Amino acid sequence: MTRPPVPPFTAETARAKVQAAEDAWNTRDPQRVALAYTPDSVWRNRDEFITGRDEIIAFLTRKWAKELDYALRKELWAFTGDRIAVRFQYEWHDADGRWWRSYGNELWEFDADGLMRRREASINDLRITAGQRRIFGPRGAGVQSPSLLIAQS
(Lines give C-alpha, C1' and ligand atoms only; values in the text may rest on other atoms or scores of the structure.)
Protein backbone atom coordinates (compact mmCIF):
# COMPACT_ATOMS: atom_id res chain seq x y z
CA MET A 1 0.00 0.00 0.00
CA THR A 2 1.37 3.41 -0.98
CA ARG A 3 0.35 6.55 0.92
CA PRO A 4 1.51 9.64 -1.04
CA PRO A 5 3.32 11.84 -0.68
CA VAL A 6 6.32 9.57 -0.23
CA PRO A 7 9.88 10.39 0.84
CA PRO A 8 12.18 12.05 0.16
CA PHE A 9 10.08 15.06 1.18
CA THR A 10 10.16 18.57 -0.20
CA ALA A 11 8.69 21.56 1.63
CA GLU A 12 5.51 21.16 -0.43
CA THR A 13 5.13 17.40 0.08
CA ALA A 14 5.99 17.63 3.80
CA ARG A 15 3.26 20.28 4.27
CA ALA A 16 0.82 18.06 2.37
CA LYS A 17 1.69 15.09 4.61
CA VAL A 18 1.10 17.20 7.73
CA GLN A 19 -2.26 18.44 6.43
CA ALA A 20 -3.33 14.91 5.52
CA ALA A 21 -2.51 13.79 9.08
CA GLU A 22 -4.46 16.70 10.57
CA ASP A 23 -7.46 15.92 8.35
CA ALA A 24 -7.40 12.21 9.25
CA TRP A 25 -7.05 12.77 13.01
CA ASN A 26 -9.91 15.29 12.97
CA THR A 27 -12.24 12.52 11.74
CA ARG A 28 -11.68 10.77 15.09
CA ASP A 29 -11.92 7.48 13.21
CA PRO A 30 -9.27 5.10 14.66
CA GLN A 31 -9.56 2.64 11.74
CA ARG A 32 -8.99 5.36 9.15
CA VAL A 33 -6.13 6.98 11.05
CA ALA A 34 -4.35 3.65 11.59
CA LEU A 35 -4.10 3.05 7.83
CA ALA A 36 -1.47 5.82 7.59
CA TYR A 37 0.94 3.73 9.70
CA THR A 38 2.95 0.61 8.91
CA PRO A 39 1.52 -2.62 10.35
CA ASP A 40 4.44 -2.69 12.83
CA SER A 41 4.58 1.07 13.49
CA VAL A 42 6.18 2.07 16.80
CA TRP A 43 4.81 4.97 18.84
CA ARG A 44 5.61 6.83 21.99
CA ASN A 45 2.66 9.00 22.97
CA ARG A 46 3.32 10.84 26.22
CA ASP A 47 4.30 7.97 28.55
CA GLU A 48 2.66 5.19 26.54
CA PHE A 49 4.48 2.89 24.13
CA ILE A 50 2.45 1.41 21.27
CA THR A 51 3.37 -1.10 18.55
CA GLY A 52 1.32 -2.02 15.51
CA ARG A 53 -2.01 -1.01 14.04
CA ASP A 54 -4.14 -3.00 16.48
CA GLU A 55 -2.59 -1.16 19.42
CA ILE A 56 -2.89 2.16 17.55
CA ILE A 57 -6.62 1.55 17.02
CA ALA A 58 -7.11 0.60 20.68
CA PHE A 59 -5.16 3.67 21.84
CA LEU A 60 -7.08 6.09 19.60
CA THR A 61 -10.41 4.56 20.62
CA ARG A 62 -9.55 5.19 24.30
CA LYS A 63 -8.19 8.66 23.52
CA TRP A 64 -11.28 9.92 21.72
CA ALA A 65 -13.62 8.38 24.31
CA LYS A 66 -11.90 10.64 26.87
CA GLU A 67 -11.03 13.71 24.73
CA LEU A 68 -14.51 14.79 23.64
CA ASP A 69 -15.13 17.22 20.74
CA TYR A 70 -11.44 16.90 19.87
CA ALA A 71 -10.25 19.43 17.25
CA LEU A 72 -6.63 19.54 16.05
CA ARG A 73 -4.24 21.86 14.21
CA LYS A 74 -0.81 20.66 13.03
CA GLU A 75 2.03 22.71 11.60
CA LEU A 76 5.19 21.61 9.81
CA TRP A 77 8.26 22.41 11.90
CA ALA A 78 11.07 20.75 9.90
CA PHE A 79 11.72 17.91 7.46
CA THR A 80 14.53 15.96 5.83
CA GLY A 81 14.56 12.81 3.70
CA ASP A 82 12.08 10.43 5.32
CA ARG A 83 11.45 12.43 8.52
CA ILE A 84 9.07 15.23 9.49
CA ALA A 85 8.84 17.23 12.72
CA VAL A 86 5.48 18.75 13.62
CA ARG A 87 4.11 20.97 16.33
CA PHE A 88 0.44 20.92 17.14
CA GLN A 89 -2.38 22.07 19.37
CA TYR A 90 -5.72 20.50 19.98
CA GLU A 91 -8.68 21.33 22.16
CA TRP A 92 -11.12 19.00 23.84
CA HIS A 93 -13.31 18.67 26.88
CA ASP A 94 -13.62 15.92 29.44
CA ALA A 95 -16.80 14.18 30.62
CA ASP A 96 -17.27 16.88 33.27
CA GLY A 97 -17.29 19.63 30.64
CA ARG A 98 -13.84 21.05 31.48
CA TRP A 99 -11.97 22.34 28.43
CA TRP A 100 -8.31 21.66 27.71
CA ARG A 101 -5.75 22.76 25.14
CA SER A 102 -3.00 20.24 24.49
CA TYR A 103 0.32 21.45 23.07
CA GLY A 104 2.75 19.04 21.48
CA ASN A 105 5.60 18.11 19.21
CA GLU A 106 5.85 15.00 17.07
CA LEU A 107 8.72 13.33 15.28
CA TRP A 108 7.69 11.16 12.35
CA GLU A 109 9.66 8.65 10.26
CA PHE A 110 8.26 7.12 7.06
CA ASP A 111 8.93 4.06 4.95
CA ALA A 112 9.46 4.26 1.17
CA ASP A 113 5.69 3.87 0.58
CA GLY A 114 4.83 6.94 2.67
CA LEU A 115 3.50 5.00 5.68
CA MET A 116 4.63 6.23 9.08
CA ARG A 117 6.82 3.65 10.78
CA ARG A 118 7.68 5.70 13.87
CA ARG A 119 5.85 8.43 15.80
CA GLU A 120 7.11 10.07 18.97
CA ALA A 121 4.84 12.61 20.64
CA SER A 122 5.46 14.86 23.64
CA ILE A 123 2.29 16.57 24.87
CA ASN A 124 1.32 18.96 27.66
CA ASP A 125 -2.23 19.86 28.69
CA LEU A 126 -3.43 23.30 29.77
CA ARG A 127 -6.83 23.83 31.40
CA ILE A 128 -8.77 26.55 29.55
CA THR A 129 -12.22 28.05 29.79
CA ALA A 130 -14.78 27.68 27.02
CA GLY A 131 -14.21 31.37 26.28
CA GLN A 132 -10.50 30.76 25.61
CA ARG A 133 -11.14 28.20 22.89
CA ARG A 134 -9.74 29.01 19.45
CA ILE A 135 -10.03 25.72 17.58
CA PHE A 136 -13.55 24.87 16.47
CA GLY A 137 -13.67 21.65 14.47
CA PRO A 138 -11.63 20.73 11.40
CA ARG A 139 -10.34 23.58 9.25
CA GLY A 140 -12.15 24.18 5.99
CA ALA A 141 -10.72 22.91 2.73
CA GLY A 142 -7.91 25.13 1.50
CA VAL A 143 -7.86 27.20 4.70
CA GLN A 144 -4.36 27.95 5.91
CA SER A 145 -4.09 29.02 9.52
CA PRO A 146 -1.53 31.43 10.79
CA SER A 147 1.39 29.97 12.65
CA LEU A 148 0.32 28.26 15.87
CA LEU A 149 0.52 30.60 18.80
CA ILE A 150 2.27 29.67 22.00
CA ALA A 151 0.25 32.15 24.08
CA GLN A 152 -2.12 30.60 26.62
CA SER A 153 -5.27 32.41 25.53
# chains A, B, ... in the order shown; residues from 1 in each chain; ligands from 1

call {"tool": "residues_around", "arguments": {"residues": "segment 73-85 of chain A", "least_positions_apart": "4", "cutoff": "7 Å", "atoms": "only C-alpha atoms", "output": "mmCIF file with all heavy atoms, in the first residue's frame"}}
result
data_model
loop_
_atom_site.group_PDB
_atom_site.id
_atom_site.type_symbol
_atom_site.label_atom_id
_atom_site.label_comp_id
_atom_site.auth_asym_id
_atom_site.auth_seq_id
_atom_site.Cartn_x
_atom_site.Cartn_y
_atom_site.Cartn_z
ATOM 1 N N PRO A 7 8.552 9.783 0.742
ATOM 2 C CA PRO A 7 9.884 10.386 0.838
ATOM 3 C C PRO A 7 10.694 10.117 -0.430
ATOM 4 O O PRO A 7 10.383 9.163 -1.140
ATOM 5 C CB PRO A 7 10.515 9.691 2.043
ATOM 6 C CG PRO A 7 9.564 8.669 2.528
ATOM 7 C CD PRO A 7 8.329 8.721 1.688
ATOM 8 N N PRO A 8 11.705 10.937 -0.657
ATOM 9 C CA PRO A 8 12.175 12.054 0.165
ATOM 10 C C PRO A 8 11.233 13.258 0.026
ATOM 11 O O PRO A 8 10.724 13.543 -1.062
ATOM 12 C CB PRO A 8 13.564 12.363 -0.372
ATOM 13 C CG PRO A 8 13.550 11.877 -1.792
ATOM 14 C CD PRO A 8 12.575 10.714 -1.829
ATOM 15 N N PHE A 9 11.024 13.954 1.143
ATOM 16 C CA PHE A 9 10.083 15.056 1.179
ATOM 17 C C PHE A 9 10.692 16.367 0.711
ATOM 18 O O PHE A 9 11.879 16.613 0.903
ATOM 19 C CB PHE A 9 9.524 15.235 2.599
ATOM 20 C CG PHE A 9 8.729 14.054 3.065
ATOM 21 C CD1 PHE A 9 9.214 13.236 4.059
ATOM 22 C CD2 PHE A 9 7.502 13.756 2.485
ATOM 23 C CE1 PHE A 9 8.482 12.132 4.490
ATOM 24 C CE2 PHE A 9 6.769 12.649 2.902
ATOM 25 C CZ PHE A 9 7.265 11.834 3.909
ATOM 26 N N ALA A 14 6.022 17.746 2.336
ATOM 27 C CA ALA A 14 5.986 17.630 3.803
ATOM 28 C C ALA A 14 4.761 18.354 4.354
ATOM 29 O O ALA A 14 4.054 17.817 5.225
ATOM 30 C CB ALA A 14 7.263 18.182 4.420
ATOM 31 N N ARG A 15 4.470 19.559 3.834
ATOM 32 C CA ARG A 15 3.262 20.280 4.273
ATOM 33 C C ARG A 15 1.999 19.486 3.930
ATOM 34 O O ARG A 15 1.064 19.421 4.722
ATOM 35 C CB ARG A 15 3.201 21.678 3.654
ATOM 36 C CG ARG A 15 3.958 22.726 4.448
ATOM 37 C CD ARG A 15 3.645 24.134 3.982
ATOM 38 N NE ARG A 15 4.077 24.403 2.622
ATOM 39 C CZ ARG A 15 5.316 24.730 2.261
ATOM 40 N NH1 ARG A 15 6.248 24.844 3.172
ATOM 41 N NH2 ARG A 15 5.611 24.948 1.012
ATOM 42 N N VAL A 18 1.575 16.675 6.450
ATOM 43 C CA VAL A 18 1.097 17.196 7.731
ATOM 44 C C VAL A 18 -0.400 17.498 7.653
ATOM 45 O O VAL A 18 -1.171 17.143 8.553
ATOM 46 C CB VAL A 18 1.900 18.446 8.154
ATOM 47 C CG1 VAL A 18 1.288 19.120 9.374
ATOM 48 C CG2 VAL A 18 3.362 18.069 8.419
ATOM 49 N N GLU A 22 -3.485 15.885 9.836
ATOM 50 C CA GLU A 22 -4.462 16.696 10.571
ATOM 51 C C GLU A 22 -5.888 16.325 10.151
ATOM 52 O O GLU A 22 -6.764 16.112 11.003
ATOM 53 C CB GLU A 22 -4.229 18.181 10.332
ATOM 54 C CG GLU A 22 -5.251 19.070 11.013
ATOM 55 C CD GLU A 22 -5.090 20.539 10.681
ATOM 56 O OE1 GLU A 22 -3.965 21.069 10.828
ATOM 57 O OE2 GLU A 22 -6.095 21.159 10.266
ATOM 58 N N GLN A 89 -1.499 21.741 18.266
ATOM 59 C CA GLN A 89 -2.381 22.072 19.375
ATOM 60 C C GLN A 89 -3.717 21.413 19.081
ATOM 61 O O GLN A 89 -4.135 21.324 17.930
ATOM 62 C CB GLN A 89 -2.616 23.579 19.491
ATOM 63 C CG GLN A 89 -1.401 24.376 19.846
ATOM 64 C CD GLN A 89 -1.680 25.872 19.863
ATOM 65 O OE1 GLN A 89 -2.810 26.303 20.018
ATOM 66 N NE2 GLN A 89 -0.630 26.648 19.692
ATOM 67 N N TYR A 90 -4.345 20.940 20.137
ATOM 68 C CA TYR A 90 -5.723 20.497 19.984
ATOM 69 C C TYR A 90 -6.495 20.854 21.235
ATOM 70 O O TYR A 90 -5.926 21.039 22.308
ATOM 71 C CB TYR A 90 -5.837 19.010 19.636
ATOM 72 C CG TYR A 90 -5.299 18.018 20.628
ATOM 73 C CD1 TYR A 90 -6.105 17.510 21.650
ATOM 74 C CD2 TYR A 90 -3.997 17.537 20.516
ATOM 75 C CE1 TYR A 90 -5.617 16.560 22.530
ATOM 76 C CE2 TYR A 90 -3.507 16.590 21.401
ATOM 77 C CZ TYR A 90 -4.321 16.102 22.406
ATOM 78 O OH TYR A 90 -3.837 15.162 23.282
ATOM 79 N N GLU A 106 5.749 16.375 17.551
ATOM 80 C CA GLU A 106 5.848 15.001 17.073
ATOM 81 C C GLU A 106 7.048 14.871 16.154
ATOM 82 O O GLU A 106 7.356 15.782 15.380
ATOM 83 C CB GLU A 106 4.612 14.609 16.258
ATOM 84 C CG GLU A 106 3.351 14.469 17.061
ATOM 85 C CD GLU A 106 2.163 14.155 16.172
ATOM 86 O OE1 GLU A 106 1.926 14.875 15.186
ATOM 87 O OE2 GLU A 106 1.467 13.178 16.488
ATOM 88 N N LEU A 107 7.672 13.714 16.210
ATOM 89 C CA LEU A 107 8.724 13.329 15.278
ATOM 90 C C LEU A 107 8.209 12.123 14.514
ATOM 91 O O LEU A 107 7.767 11.146 15.121
ATOM 92 C CB LEU A 107 10.004 12.978 16.034
ATOM 93 C CG LEU A 107 10.540 14.076 16.936
ATOM 94 C CD1 LEU A 107 11.738 13.566 17.731
ATOM 95 C CD2 LEU A 107 10.887 15.311 16.137
ATOM 96 N N TRP A 108 8.222 12.218 13.191
ATOM 97 C CA TRP A 108 7.690 11.164 12.347
ATOM 98 C C TRP A 108 8.795 10.608 11.456
ATOM 99 O O TRP A 108 9.622 11.360 10.934
ATOM 100 C CB TRP A 108 6.614 11.694 11.415
ATOM 101 C CG TRP A 108 5.403 12.296 12.057
ATOM 102 C CD1 TRP A 108 4.959 12.168 13.342
ATOM 103 C CD2 TRP A 108 4.443 13.124 11.386
ATOM 104 N NE1 TRP A 108 3.785 12.855 13.520
ATOM 105 C CE2 TRP A 108 3.445 13.454 12.342
ATOM 106 C CE3 TRP A 108 4.319 13.615 10.092
ATOM 107 C CZ2 TRP A 108 2.345 14.255 12.018
ATOM 108 C CZ3 TRP A 108 3.232 14.407 9.774
ATOM 109 C CH2 TRP A 108 2.254 14.722 10.737
ATOM 110 N N GLU A 109 8.758 9.291 11.219
ATOM 111 C CA GLU A 109 9.659 8.646 10.263
ATOM 112 C C GLU A 109 8.820 7.745 9.365
ATOM 113 O O GLU A 109 7.957 7.006 9.857
ATOM 114 C CB GLU A 109 10.709 7.821 11.002
ATOM 115 C CG GLU A 109 11.745 7.202 10.075
ATOM 116 C CD GLU A 109 12.789 6.448 10.857
ATOM 117 O OE1 GLU A 109 12.436 5.391 11.435
ATOM 118 O OE2 GLU A 109 13.923 6.921 10.908
ATOM 119 N N PHE A 110 9.082 7.808 8.046
ATOM 120 C CA PHE A 110 8.257 7.119 7.057
ATOM 121 C C PHE A 110 9.041 6.046 6.320
ATOM 122 O O PHE A 110 10.256 6.161 6.141
ATOM 123 C CB PHE A 110 7.730 8.133 6.031
ATOM 124 C CG PHE A 110 6.787 9.127 6.632
ATOM 125 C CD1 PHE A 110 7.256 10.290 7.210
ATOM 126 C CD2 PHE A 110 5.418 8.886 6.651
ATOM 127 C CE1 PHE A 110 6.390 11.203 7.792
ATOM 128 C CE2 PHE A 110 4.546 9.794 7.228
ATOM 129 C CZ PHE A 110 5.040 10.957 7.800
#

call {"tool": "closest_atom_pairs", "arguments": {"of": "segment 40-67 of chain A", "to": "segment 118-122 of chain A", "cutoff": "7 Å", "atoms": "only C-alpha atoms", "output": "Markdown table"}}
result
| residue | atom | partner | partner_atom | distance |
| --- | --- | --- | --- | --- |
| A:Ser41 | CA | A:Arg118 | CA | 5.6 |
| A:Val42 | CA | A:Arg118 | CA | 4.9 |
| A:Trp43 | CA | A:Arg119 | CA | 4.7 |
| A:Arg44 | CA | A:Glu120 | CA | 4.7 |
| A:Asn45 | CA | A:Ala121 | CA | 4.8 |
| A:Arg46 | CA | A:Ser122 | CA | 5.2 |

call {"tool": "atom_distance", "arguments": {"atom1": "atom CA of Thr129 of chain A", "atom2": "atom CA of Asn105 of chain A"}}
result
23.0 Å

call {"tool": "atom_distance", "arguments": {"atom1": "atom CA of Ala58 of chain A", "atom2": "atom CA of Pro30 of chain A"}}
result
7.8 Å

call {"tool": "residues_around", "arguments": {"residues": "Asp69 of chain A", "least_positions_apart": "2", "cutoff": "12 Å", "atoms": "only C-alpha atoms", "output": "CSV table (one decimal) with N, CA and C atoms, in the first residue's frame"}}
result
chain,number,residue,atom,x,y,z
A,26,ASN,N,-8.7,14.6,12.7
A,26,ASN,CA,-9.9,15.3,13.0
A,26,ASN,C,-11.2,14.5,12.7
A,27,THR,N,-11.1,13.4,11.9
A,27,THR,CA,-12.2,12.5,11.7
A,27,THR,C,-12.5,11.7,13.0
A,28,ARG,N,-11.6,11.6,13.9
A,28,ARG,CA,-11.7,10.8,15.1
A,28,ARG,C,-12.1,9.3,14.8
A,63,LYS,N,-8.5,7.2,23.5
A,63,LYS,CA,-8.2,8.7,23.5
A,63,LYS,C,-9.4,9.5,23.2
A,64,TRP,N,-10.1,9.1,22.1
A,64,TRP,CA,-11.3,9.9,21.7
A,64,TRP,C,-12.5,9.6,22.5
A,65,ALA,N,-12.5,8.6,23.3
A,65,ALA,CA,-13.6,8.4,24.3
A,65,ALA,C,-13.4,9.3,25.5
A,66,LYS,N,-12.2,9.7,25.8
A,66,LYS,CA,-11.9,10.6,26.9
A,66,LYS,C,-11.9,12.1,26.4
A,67,GLU,N,-11.2,12.3,25.3
A,67,GLU,CA,-11.0,13.7,24.7
A,67,GLU,C,-12.2,14.0,23.8
A,71,ALA,N,-10.5,18.7,18.5
A,71,ALA,CA,-10.2,19.4,17.2
A,71,ALA,C,-8.8,19.8,17.2
A,72,LEU,N,-8.1,19.5,16.2
A,72,LEU,CA,-6.6,19.5,16.1
A,72,LEU,C,-6.1,20.5,15.0
A,90,TYR,N,-4.3,20.9,20.1
A,90,TYR,CA,-5.7,20.5,20.0
A,90,TYR,C,-6.5,20.9,21.2
A,91,GLU,N,-7.8,21.0,21.1
A,91,GLU,CA,-8.7,21.3,22.2
A,91,GLU,C,-9.7,20.2,22.3
A,92,TRP,N,-10.2,20.0,23.5
A,92,TRP,CA,-11.1,19.0,23.8
A,92,TRP,C,-11.7,19.3,25.2
A,93,HIS,N,-12.8,18.6,25.5
A,93,HIS,CA,-13.3,18.7,26.9
A,93,HIS,C,-13.5,17.3,27.4
A,94,ASP,N,-13.4,17.2,28.8
A,94,ASP,CA,-13.6,15.9,29.4
A,94,ASP,C,-15.1,15.7,29.7
A,95,ALA,N,-15.4,14.6,30.3
A,95,ALA,CA,-16.8,14.2,30.6
A,95,ALA,C,-17.5,15.1,31.6
A,97,GLY,N,-17.1,18.4,31.3
A,97,GLY,CA,-17.3,19.6,30.6
A,97,GLY,C,-16.1,20.6,30.8
A,98,ARG,N,-15.0,20.2,31.4
A,98,ARG,CA,-13.8,21.0,31.5
A,98,ARG,C,-13.1,21.0,30.2
A,99,TRP,N,-12.7,22.2,29.7
A,99,TRP,CA,-12.0,22.3,28.4
A,99,TRP,C,-10.5,22.3,28.7
A,100,TRP,N,-9.8,21.8,27.7
A,100,TRP,CA,-8.3,21.7,27.7
A,100,TRP,C,-7.7,22.0,26.4
A,101,ARG,N,-6.5,22.6,26.4
A,101,ARG,CA,-5.7,22.8,25.1
A,101,ARG,C,-4.5,22.0,25.4
A,133,ARG,N,-11.3,29.1,24.0
A,133,ARG,CA,-11.1,28.2,22.9
A,133,ARG,C,-10.8,29.0,21.6
A,135,ILE,N,-10.0,26.7,18.6
A,135,ILE,CA,-10.0,25.7,17.6
A,135,ILE,C,-11.4,25.1,17.6
A,136,PHE,N,-12.2,25.3,16.5
A,136,PHE,CA,-13.6,24.9,16.5
A,136,PHE,C,-13.7,23.9,15.3
A,137,GLY,N,-13.5,22.7,15.5
A,137,GLY,CA,-13.7,21.7,14.5
A,137,GLY,C,-12.6,21.7,13.4
A,138,PRO,N,-12.7,20.8,12.5
A,138,PRO,CA,-11.6,20.7,11.4
A,138,PRO,C,-11.6,22.0,10.6

call {"tool": "select_by_dssp", "arguments": {"residues": "chain A", "states": "helix (DSSP H, G or I)", "output": "PDB file with N, CA and C atoms, in the first residue's frame"}}
result
ATOM      1  N   ALA A  11       9.514  20.707   0.771  1.00  0.00           N
ATOM      2  CA  ALA A  11       8.691  21.564   1.627  1.00  0.00           C
ATOM      3  C   ALA A  11       7.212  21.386   1.281  1.00  0.00           C
ATOM      4  N   GLU A  12       6.902  21.309   0.007  1.00  0.00           N
ATOM      5  CA  GLU A  12       5.512  21.163  -0.433  1.00  0.00           C
ATOM      6  C   GLU A  12       4.929  19.812  -0.020  1.00  0.00           C
ATOM      7  N   THR A  13       5.671  18.722  -0.249  1.00  0.00           N
ATOM      8  CA  THR A  13       5.130  17.405   0.084  1.00  0.00           C
ATOM      9  C   THR A  13       5.085  17.179   1.595  1.00  0.00           C
ATOM     10  N   ALA A  14       6.022  17.746   2.336  1.00  0.00           N
ATOM     11  CA  ALA A  14       5.986  17.630   3.803  1.00  0.00           C
ATOM     12  C   ALA A  14       4.761  18.354   4.354  1.00  0.00           C
ATOM     13  N   ARG A  15       4.470  19.559   3.834  1.00  0.00           N
ATOM     14  CA  ARG A  15       3.262  20.280   4.273  1.00  0.00           C
ATOM     15  C   ARG A  15       1.999  19.486   3.930  1.00  0.00           C
ATOM     16  N   ALA A  16       1.974  18.861   2.768  1.00  0.00           N
ATOM     17  CA  ALA A  16       0.817  18.057   2.369  1.00  0.00           C
ATOM     18  C   ALA A  16       0.650  16.849   3.294  1.00  0.00           C
ATOM     19  N   LYS A  17       1.750  16.235   3.697  1.00  0.00           N
ATOM     20  CA  LYS A  17       1.694  15.089   4.608  1.00  0.00           C
ATOM     21  C   LYS A  17       1.144  15.519   5.968  1.00  0.00           C
ATOM     22  N   VAL A  18       1.575  16.675   6.450  1.00  0.00           N
ATOM     23  CA  VAL A  18       1.097  17.196   7.731  1.00  0.00           C
ATOM     24  C   VAL A  18      -0.400  17.498   7.653  1.00  0.00           C
ATOM     25  N   GLN A  19      -0.839  18.119   6.572  1.00  0.00           N
ATOM     26  CA  GLN A  19      -2.261  18.444   6.426  1.00  0.00           C
ATOM     27  C   GLN A  19      -3.102  17.176   6.328  1.00  0.00           C
ATOM     28  N   ALA A  20      -2.594  16.176   5.624  1.00  0.00           N
ATOM     29  CA  ALA A  20      -3.328  14.910   5.525  1.00  0.00           C
ATOM     30  C   ALA A  20      -3.481  14.264   6.902  1.00  0.00           C
ATOM     31  N   ALA A  21      -2.433  14.342   7.715  1.00  0.00           N
ATOM     32  CA  ALA A  21      -2.510  13.790   9.076  1.00  0.00           C
ATOM     33  C   ALA A  21      -3.532  14.558   9.905  1.00  0.00           C
ATOM     34  N   GLU A  22      -3.485  15.885   9.836  1.00  0.00           N
ATOM     35  CA  GLU A  22      -4.462  16.696  10.571  1.00  0.00           C
ATOM     36  C   GLU A  22      -5.888  16.325  10.151  1.00  0.00           C
ATOM     37  N   ASP A  23      -6.120  16.241   8.856  1.00  0.00           N
ATOM     38  CA  ASP A  23      -7.457  15.918   8.353  1.00  0.00           C
ATOM     39  C   ASP A  23      -7.917  14.546   8.860  1.00  0.00           C
ATOM     40  N   ALA A  24      -7.032  13.565   8.811  1.00  0.00           N
ATOM     41  CA  ALA A  24      -7.400  12.215   9.254  1.00  0.00           C
ATOM     42  C   ALA A  24      -7.700  12.191  10.748  1.00  0.00           C
ATOM     43  N   TRP A  25      -6.836  12.789  11.564  1.00  0.00           N
ATOM     44  CA  TRP A  25      -7.048  12.774  13.012  1.00  0.00           C
ATOM     45  C   TRP A  25      -8.323  13.520  13.378  1.00  0.00           C
ATOM     46  N   ASN A  26      -8.684  14.555  12.653  1.00  0.00           N
ATOM     47  CA  ASN A  26      -9.907  15.290  12.965  1.00  0.00           C
ATOM     48  C   ASN A  26     -11.177  14.493  12.656  1.00  0.00           C
ATOM     49  N   PRO A  30     -10.508   5.858  14.421  1.00  0.00           N
ATOM     50  CA  PRO A  30      -9.272   5.105  14.656  1.00  0.00           C
ATOM     51  C   PRO A  30      -8.881   4.188  13.498  1.00  0.00           C
ATOM     52  N   GLN A  31      -9.852   3.546  12.859  1.00  0.00           N
ATOM     53  CA  GLN A  31      -9.557   2.641  11.741  1.00  0.00           C
ATOM     54  C   GLN A  31      -8.931   3.405  10.572  1.00  0.00           C
ATOM     55  N   ARG A  32      -9.509   4.550  10.255  1.00  0.00           N
ATOM     56  CA  ARG A  32      -8.994   5.362   9.146  1.00  0.00           C
ATOM     57  C   ARG A  32      -7.597   5.892   9.464  1.00  0.00           C
ATOM     58  N   VAL A  33      -7.425   6.419  10.664  1.00  0.00           N
ATOM     59  CA  VAL A  33      -6.130   6.981  11.052  1.00  0.00           C
ATOM     60  C   VAL A  33      -5.052   5.906  11.014  1.00  0.00           C
ATOM     61  N   ALA A  34      -5.349   4.716  11.506  1.00  0.00           N
ATOM     62  CA  ALA A  34      -4.354   3.646  11.594  1.00  0.00           C
ATOM     63  C   ALA A  34      -3.804   3.231  10.232  1.00  0.00           C
ATOM     64  N   ARG A  53      -0.710  -1.633  14.310  1.00  0.00           N
ATOM     65  CA  ARG A  53      -2.008  -1.015  14.036  1.00  0.00           C
ATOM     66  C   ARG A  53      -3.086  -1.381  15.045  1.00  0.00           C
ATOM     67  N   ASP A  54      -3.116  -2.619  15.506  1.00  0.00           N
ATOM     68  CA  ASP A  54      -4.143  -2.995  16.478  1.00  0.00           C
ATOM     69  C   ASP A  54      -4.019  -2.170  17.746  1.00  0.00           C
ATOM     70  N   GLU A  55      -2.791  -1.979  18.223  1.00  0.00           N
ATOM     71  CA  GLU A  55      -2.588  -1.162  19.420  1.00  0.00           C
ATOM     72  C   GLU A  55      -2.877   0.312  19.135  1.00  0.00           C
ATOM     73  N   ILE A  56      -2.573   0.780  17.930  1.00  0.00           N
ATOM     74  CA  ILE A  56      -2.888   2.160  17.547  1.00  0.00           C
ATOM     75  C   ILE A  56      -4.403   2.367  17.598  1.00  0.00           C
ATOM     76  N   ILE A  57      -5.160   1.438  17.022  1.00  0.00           N
ATOM     77  CA  ILE A  57      -6.620   1.549  17.017  1.00  0.00           C
ATOM     78  C   ILE A  57      -7.159   1.550  18.444  1.00  0.00           C
ATOM     79  N   ALA A  58      -6.650   0.663  19.288  1.00  0.00           N
ATOM     80  CA  ALA A  58      -7.110   0.600  20.685  1.00  0.00           C
ATOM     81  C   ALA A  58      -6.775   1.901  21.415  1.00  0.00           C
ATOM     82  N   PHE A  59      -5.570   2.417  21.195  1.00  0.00           N
ATOM     83  CA  PHE A  59      -5.164   3.667  21.838  1.00  0.00           C
ATOM     84  C   PHE A  59      -6.068   4.823  21.400  1.00  0.00           C
ATOM     85  N   LEU A  60      -6.276   4.972  20.098  1.00  0.00           N
ATOM     86  CA  LEU A  60      -7.082   6.086  19.595  1.00  0.00           C
ATOM     87  C   LEU A  60      -8.540   5.969  20.044  1.00  0.00           C
ATOM     88  N   THR A  61      -9.050   4.759  20.133  1.00  0.00           N
ATOM     89  CA  THR A  61     -10.414   4.561  20.616  1.00  0.00           C
ATOM     90  C   THR A  61     -10.528   5.063  22.054  1.00  0.00           C
ATOM     91  N   ARG A  62      -9.564   4.706  22.906  1.00  0.00           N
ATOM     92  CA  ARG A  62      -9.554   5.193  24.302  1.00  0.00           C
ATOM     93  C   ARG A  62      -9.389   6.705  24.347  1.00  0.00           C
ATOM     94  N   LYS A  63      -8.489   7.225  23.534  1.00  0.00           N
ATOM     95  CA  LYS A  63      -8.191   8.660  23.519  1.00  0.00           C
ATOM     96  C   LYS A  63      -9.445   9.464  23.216  1.00  0.00           C
ATOM     97  N   TRP A  64     -10.133   9.112  22.138  1.00  0.00           N
ATOM     98  CA  TRP A  64     -11.276   9.919  21.720  1.00  0.00           C
ATOM     99  C   TRP A  64     -12.536   9.646  22.538  1.00  0.00           C
ATOM    100  N   ALA A  65     -12.534   8.581  23.347  1.00  0.00           N
ATOM    101  CA  ALA A  65     -13.621   8.385  24.309  1.00  0.00           C
ATOM    102  C   ALA A  65     -13.448   9.335  25.492  1.00  0.00           C
ATOM    103  N   LYS A  66     -12.205   9.724  25.765  1.00  0.00           N
ATOM    104  CA  LYS A  66     -11.898  10.644  26.875  1.00  0.00           C
ATOM    105  C   LYS A  66     -11.864  12.098  26.402  1.00  0.00           C
ATOM    106  N   ALA A 130     -14.106  27.746  28.328  1.00  0.00           N
ATOM    107  CA  ALA A 130     -14.781  27.683  27.024  1.00  0.00           C
ATOM    108  C   ALA A 130     -14.539  28.964  26.236  1.00  0.00           C
ATOM    109  N   GLY A 131     -14.456  30.097  26.937  1.00  0.00           N
ATOM    110  CA  GLY A 131     -14.214  31.375  26.275  1.00  0.00           C
ATOM    111  C   GLY A 131     -12.818  31.533  25.701  1.00  0.00           C
ATOM    112  N   GLN A 132     -11.874  30.706  26.127  1.00  0.00           N
ATOM    113  CA  GLN A 132     -10.499  30.763  25.614  1.00  0.00           C
ATOM    114  C   GLN A 132     -10.276  29.853  24.406  1.00  0.00           C
TER     115      GLN A 132
END

call {"tool": "atom_distance", "arguments": {"atom1": "atom CA of Arg127 of chain A", "atom2": "atom CA of Gly104 of chain A"}}
result
14.6 Å

call {"tool": "closest_residue", "arguments": {"among": "A:Met1, A:Leu126, A:Val6, A:Ala112", "to": "Leu35 of chain A", "atoms": "only C-alpha atoms"}}
result
A:Met1

call {"tool": "select_by_dssp", "arguments": {"residues": "segment 32-152 of chain A", "states": "strand (DSSP E or B)", "output": "number ranges by chain"}}
result
A: 37-45, 48-51, 68-80, 83-93, 99-110, 116-128
